[in-house]
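Undergrad: Dumping the structure here so I can ask a few things about it.
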Amino acid sequence: MLLLLGFFFTQNGSMSQLYRNAYYSGSATKLSQLPGDDGYEVAFAGRSNAGKSSAINTITGIGSLARTSKTPGRTQMINFFHLDEQRALVDLPGYGYAKVPEAMKHKWQATLAQYLEKRQSLRGLMLMMDIRHPLKEFDLQMLTWANQASLPVHILLTKSDKLKHGAAKAAMLDVQKKLRQAELEASVQLFSSLNKSGRDEAVSKLDQWFEVDALLAQE
């Protein structure tokens, strides 16, 4: 048991090693290509310039796991990164400045909506928003889909290093206020891939959704 704990836990007590085990396990462009609908999945979504891939890399501690690009909208597939046989991070296609035909965007949206509403193994949605440009149309659409599907949502206000601490905190409080006004359910935190702030809080939320305590109890 001590060996197991040493394998999974870092000095700060988080389950970092579980995420450091992440590996690319496949991609899909349509629902019929998805792996079996069992186990635990947490989806990562966000506008094309919200820093989604960087957030995945920061959380796992693997800098090249999810590709980052200076060309927004490059990722057009649902990408799976397994942590173990039962747990996976799912990188959803980005939107926003993607220079693709409208028909393709509508097709992506329909696929995402079905994935969020019907995927039984999906335990939560991590939604990335640039702290300087939160709650855009796509963000609100994702929140609405998730709420309708009773899917928990945790918002990462990315690039929080771009603002001073007081301004970042005020921005987070404003997002929380607007969510209440819109009657949308989601937890919110500050996050920066540059200085790694907010990583432990994000990992803690993932641990809940992946039922990491149950994983330890089984060993």
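Each chain of the structure tokens is named A, B, ... in the order shown, its residues numbered from 1; ligands are numbered from 1 in display order.
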So which residues of range 21-212 of chain A fall under helix (DSSP H, G or I) by DSSP, listed as a VMD selection string?

TA: chain A and resid 31 to 33 52 to 60 102 to 118 137 to 148 160 to 162 165 to 181 199 to 209 212

Undergrad: Would you kindly return, as a VMD selection string, each protein, DNA or RNA residue with an atom no farther than 9 Å from any atom of Arg199 in chain A, considering only C-alpha atoms and excluding same-chain residues fewer than 6 positions away?

TA: chain A and resid 55 58 to 59 191 to 193

Undergrad: In terms of the shortest atom-to-atom distance over only C-alpha atoms, which of A:Ala88, A:Met104, A:Leu127, A:Ile78 is closest to Leu31 in chain A?

TA: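 Among the listed residues, the smallest separation from Leu31 in chain A belongs to A:Ile78.
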
Undergrad: For range 182-186 of chain A, find every residue with an atom within 10 Å (counting only C-alpha atoms), except residues of its own chain fewer than 5 positions away, and show them as an MDAnalysis selection string.

TA: chainID A and resid 125:127 140 143:144 146:148 150:155 176:177

Undergrad: Which residues are near Lys30 in chain A? Cut-off 9 Å, only C-alpha atoms, ignore same chain within fewer than 2 positions. Put them as a ChimeraX atom specification.

TA: /A:28,32-34,77-78,108,111

Undergrad: What would the file look like if the residues just selected were written as a PDB file, in the first residue's frame with C-alpha atoms?

TA:
ATOM      1  CA  ALA A  28     -12.611  10.430 -33.822  1.00  0.00           C
ATOM      2  CA  SER A  32     -19.445   6.060 -34.372  1.00  0.00           C
ATOM      3  CA  GLN A  33     -15.647   6.172 -34.099  1.00  0.00           C
ATOM      4  CA  LEU A  34     -15.594   6.721 -30.329  1.00  0.00           C
ATOM      5  CA  MET A  77     -11.153  15.911 -34.071  1.00  0.00           C
ATOM      6  CA  ILE A  78     -12.153  14.477 -30.707  1.00  0.00           C
ATOM      7  CA  TRP A 108     -19.069  19.801 -35.326  1.00  0.00           C
ATOM      8  CA  THR A 111     -21.552  16.047 -32.924  1.00  0.00           C
TER       9      THR A 111
END

Undergrad: Do you have the CA of Asn57 in chain A-CA of Leu135 in chain A distance handy?

TA: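 Distance between the two atoms: 23.1 Å.
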
Undergrad: So, with only C-alpha atoms as the atoms that count, which of A:Leu156, A:Ala103, A:Ile62, A:Leu116 lies closest to Val42 in chain A?

TA: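 Of A:Leu156, A:Ala103, A:Ile62, A:Leu116, the one nearest Val42 in chain A is A:Leu116, counting only C-alpha atoms.
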
Undergrad: CA of Ala202 in chain A to CA of Pro35 in chain A: how many Å, to one decimal?

TA: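 CA of Pro35 in chain A lies at a distance of 25.1 Å from CA of Ala202 in chain A.
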
Undergrad: Can you pull out every residue within 9 Å of Ile131 in chain A, counting only C-alpha atoms, but drop anything in the same chain fewer than 3 positions away, and send it as a list in words?

TA: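 Counting only C-alpha atoms, the residues come to Ala50, Met128, Pro134, Leu156, Leu157, Thr158, Lys159, Ser160, Lys162, Leu163, Ala168, Ala171, Met172, Leu190 and Phe191 of chain A.
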
Undergrad: Using DSSP on the backbone coordinates, identify all residues within range 149-207 of chain A classified as strand (DSSP E); present the result as a PyMOL selection string.

TA: chain A and resi 153-158+187-190

Undergrad: Export, as a tab-separated table (two decimals), in the first residue's frame, the selected residues with N, CA, C and O atoms.

TA:
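File result.tsv, as written:
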chain	number	residue	atom	x	y	z
A	153	VAL	N	-19.96	21.12	-14.82
A	153	VAL	CA	-19.02	21.95	-15.58
A	153	VAL	C	-18.10	22.69	-14.62
A	153	VAL	O	-18.54	23.23	-13.61
A	154	HIS	N	-16.81	22.68	-14.94
A	154	HIS	CA	-15.82	23.45	-14.18
A	154	HIS	C	-15.10	24.35	-15.17
A	154	HIS	O	-14.51	23.88	-16.15
A	155	ILE	N	-15.17	25.66	-14.95
A	155	ILE	CA	-14.58	26.63	-15.86
A	155	ILE	C	-13.17	27.00	-15.42
A	155	ILE	O	-12.94	27.34	-14.26
A	156	LEU	N	-12.22	26.91	-16.36
A	156	LEU	CA	-10.88	27.41	-16.13
A	156	LEU	C	-10.74	28.76	-16.84
A	156	LEU	O	-10.84	28.81	-18.07
A	157	LEU	N	-10.57	29.82	-16.07
A	157	LEU	CA	-10.33	31.13	-16.66
A	157	LEU	C	-8.84	31.20	-16.96
A	157	LEU	O	-8.02	31.52	-16.09
A	158	THR	N	-8.48	30.84	-18.19
A	158	THR	CA	-7.09	30.69	-18.57
A	158	THR	C	-6.40	32.04	-18.79
A	158	THR	O	-7.06	33.09	-18.87
A	187	SER	N	-18.81	25.62	-11.70
A	187	SER	CA	-17.81	26.14	-10.77
A	187	SER	C	-16.75	26.85	-11.60
A	187	SER	O	-16.57	26.57	-12.79
A	188	VAL	N	-16.02	27.78	-10.97
A	188	VAL	CA	-15.08	28.63	-11.72
A	188	VAL	C	-13.77	28.78	-10.94
A	188	VAL	O	-13.79	28.88	-9.71
A	189	GLN	N	-12.66	28.80	-11.66
A	189	GLN	CA	-11.37	29.07	-11.03
A	189	GLN	C	-10.45	29.82	-11.98
A	189	GLN	O	-10.69	29.87	-13.18
A	190	LEU	N	-9.40	30.41	-11.41
A	190	LEU	CA	-8.35	31.05	-12.20
A	190	LEU	C	-7.33	29.99	-12.59
A	190	LEU	O	-7.08	29.04	-11.86

Undergrad: So how many Å separate CA of Tyr19 in chain A and CA of Gln109 in chain A, to one decimal?

TA: 28.1 Å
